[in-house]
Amino acid sequence: MIKEQIQELSHKIFNDVVANRRHLHTNPELSFHEQKTSAFVAGKLDELGLTYEKMADTGLVALIKGDLPSDKVVALRADMDALPIIEANDVPYKSQNVGVMHACGHDAHTSSLLGTARILTELKSQFAGTVKLIFQPAEEKLPGGASLMIKEGVLENPKPQAVLGQHVMPLIDAGKVGFRAGKYMASTDELYVTVKGKGGHGAQPQQNIDPVIITAHILTALQQVVSRFADPKSPSVLSFGKVIANGATNVIPNEVYLEGTFRTMDEQWRGEAHKRMKKMAEGIAESMGGSCDFNIMRGYPFLINEEVLTAATRGHAEDYLGKENVLDLDIWMAAEDFAYYSQVADSCFYRLGTRNESRGITSSVHTPTFDVEEDAFKISTGLMAYLAIKQLGN
């Protein structure tokens, strides 16, 4: 059976997948600067005899056509960029690009998809249809590499009937995967706010228009956008993580600068919330004698896993791994630019467990101590190959 063949191949290539992952982890590159990573992936595709097309500068798209006749197409996506984080892990494959780190597992995604490509290439005589491999840049930075690749036609010629994405999850033990049908991840918007007043001596507040006090009122009032205007059944998050007043103990500054994020899972409410936040902040500042520049950088949409596709994909995963190794996921208010695919094509974005408490591999993504249990690669490559072949109707 093809399942057993895939499982055998996934174990056969395991050491190579680990080596590829460690190479990528050692040599991370930031969003929109993945030139060496792209060249590495291209070299591996060349070794498999696969032709590819470049998109979004550093992105790559390749096709694997089964020898049996079929017009069906499924796309598999991996992202390639790293984060501006100084790695704290003491491992042989520690980042050699100081200040840049694969702290979100994109090295695992890319090496896994390369492994999947190898499996599918060896088995192409046994399946019908076409698998489109998408190696995508810049998931971590707006406007998101997915949006650029879609604009450049990554979902055309041929058009996939489904797009599958696999992402590491340090909350799940290695050897297990997680699925959620329907709305799964939030939209994300970046907020950049400048509150302006009139600075002066802290001992003479009557002569000033204090932007620090104005900011305090704005920060408190804005939480009403979530607590009093949002539908309680629709998750929303409003957080500010950066506040710069840059005065002193006795100096009131002229302005205060803020940065924050707004996330939700309803596009209509998202637009309404933008208007409410802006109007409220500007109104409070004006009422207190100051002014406010409230700028919103619209980011990724919410991510939705198509119900029928996700149910089928989950069933195939249970067949491949056993039901006990396939878990339910809750909604997650983090964001992913895979959401762009999910907004225009039937999509399924699932989680690959990478946790190993006995080895201390438990750190969250986007932290300096993030790492993955590499035993996860024993299933990551074969599972995706199996899901693709089953989705093609084989």
# chains A, B, ... in the order shown; residues from 1 in each chain; ligands from 1
>>> residues_around(residues="A:Ile284", least_positions_apart="5", cutoff="10 Å", atoms="only C-alpha atoms", output="PyMOL selection string")
chain A and resi 214-215+217-218+221+279+289-292
>>> residues_around(residues="A:Val251", least_positions_apart="2", cutoff="7 Å", atoms="only C-alpha atoms", output="list in words")
Gly200, His201, Gly202, Gly247, Ala248, Thr249 and Pro253 of chain A
>>> write_last_selection(atoms="N, CA and C atoms", output="CSV table (one decimal), in the first residue's frame")
chain,number,residue,atom,x,y,z
A,200,GLY,N,6.7,70.7,29.0
A,200,GLY,CA,7.2,71.8,29.8
A,200,GLY,C,7.7,71.2,31.2
A,201,HIS,N,7.8,72.0,32.1
A,201,HIS,CA,8.3,71.6,33.4
A,201,HIS,C,7.2,70.9,34.2
A,202,GLY,N,7.6,69.7,34.8
A,202,GLY,CA,6.7,68.9,35.5
A,202,GLY,C,6.1,69.6,36.7
A,247,GLY,N,10.2,61.7,28.4
A,247,GLY,CA,10.4,62.9,29.2
A,247,GLY,C,11.4,62.6,30.3
A,248,ALA,N,11.1,63.1,31.5
A,248,ALA,CA,12.0,62.9,32.6
A,248,ALA,C,11.1,63.1,33.9
A,249,THR,N,11.8,62.9,35.1
A,249,THR,CA,11.0,63.0,36.3
A,249,THR,C,10.3,64.4,36.4
A,253,PRO,N,6.9,65.7,28.2
A,253,PRO,CA,7.3,65.7,26.8
A,253,PRO,C,6.2,66.4,25.9
>>> residues_around(residues="stretch 230-242 of chain A", least_positions_apart="3", cutoff="7 Å", atoms="only C-alpha atoms", output="list in words")
Gln223, Val225, Val226, Ser227, Leu258, Glu259, Gly260, Thr261, Phe262, Arg263, Thr264 and Met265 of chain A
>>> write_last_selection(atoms="N, CA and C atoms", output="short mmCIF file (atom, residue, chain, number, x, y, z; two decimals), in the first residue's frame")
data_model
loop_
_atom_site.label_atom_id
_atom_site.label_comp_id
_atom_site.auth_asym_id
_atom_site.auth_seq_id
_atom_site.Cartn_x
_atom_site.Cartn_y
_atom_site.Cartn_z
N GLN A 223 -9.98 50.22 25.46
CA GLN A 223 -10.36 48.85 25.79
C GLN A 223 -11.88 48.64 25.71
N VAL A 225 -13.56 49.37 23.19
CA VAL A 225 -13.83 48.90 21.83
C VAL A 225 -14.06 47.39 21.86
N VAL A 226 -13.26 46.69 22.66
CA VAL A 226 -13.41 45.24 22.77
C VAL A 226 -14.49 44.87 23.78
N SER A 227 -14.49 45.51 24.96
CA SER A 227 -15.37 45.08 26.05
C SER A 227 -16.81 45.54 25.90
N LEU A 258 2.95 55.46 20.55
CA LEU A 258 2.40 54.16 20.91
C LEU A 258 2.44 53.21 19.71
N GLU A 259 2.63 51.93 20.00
CA GLU A 259 2.45 50.90 18.99
C GLU A 259 1.64 49.77 19.59
N GLY A 260 0.72 49.23 18.80
CA GLY A 260 -0.12 48.15 19.30
C GLY A 260 -0.64 47.27 18.18
N THR A 261 -1.52 46.34 18.56
CA THR A 261 -2.09 45.42 17.58
C THR A 261 -3.56 45.23 17.86
N PHE A 262 -4.33 45.07 16.79
CA PHE A 262 -5.75 44.75 16.91
C PHE A 262 -6.00 43.49 16.09
N ARG A 263 -6.73 42.53 16.71
CA ARG A 263 -6.97 41.24 16.06
C ARG A 263 -8.42 40.82 16.27
N THR A 264 -8.97 40.19 15.23
CA THR A 264 -10.33 39.69 15.34
C THR A 264 -10.56 38.62 14.28
N MET A 265 -11.79 38.09 14.22
CA MET A 265 -12.13 37.06 13.25
C MET A 265 -13.39 37.40 12.48
#
>>> atom_distance(atom1="atom CA of A:Ala285", atom2="atom CA of A:Gly299")
25.8 Å
>>> closest_atom_pairs(of="stretch 176-204 of chain A", to="stretch 139-155 of chain A", cutoff="12 Å", atoms="only C-alpha atoms", output="CSV")
residue,atom,partner,partner_atom,distance
A:Thr188,CA,A:Leu142,CA,9.9
A:Asp189,CA,A:Leu142,CA,9.6
A:Glu190,CA,A:Leu142,CA,9.4
>>> closest_atom_pairs(of="stretch 171-277 of chain A", to="stretch 342-345 of chain A", cutoff="12 Å", atoms="only C-alpha atoms", output="CSV")
residue,atom,partner,partner_atom,distance
A:Ala181,CA,A:Ser342,CA,11.8
A:Gly182,CA,A:Ser342,CA,10.3
A:Lys183,CA,A:Ser342,CA,10.0
A:Tyr184,CA,A:Ser342,CA,10.6
A:Met185,CA,A:Ser342,CA,10.8
A:Ser187,CA,A:Gln343,CA,11.4
A:Glu267,CA,A:Gln343,CA,11.3
>>> closest_residue(among="A:Lys94, A:Lys390, A:Arg355, A:Lys72", to="A:Tyr320", atoms="only C-alpha atoms")
A:Lys390
>>> closest_residue(among="A:Pro301, A:Gly115, A:Gly105, A:Gly393", to="A:His167", atoms="only C-alpha atoms")
A:Gly105
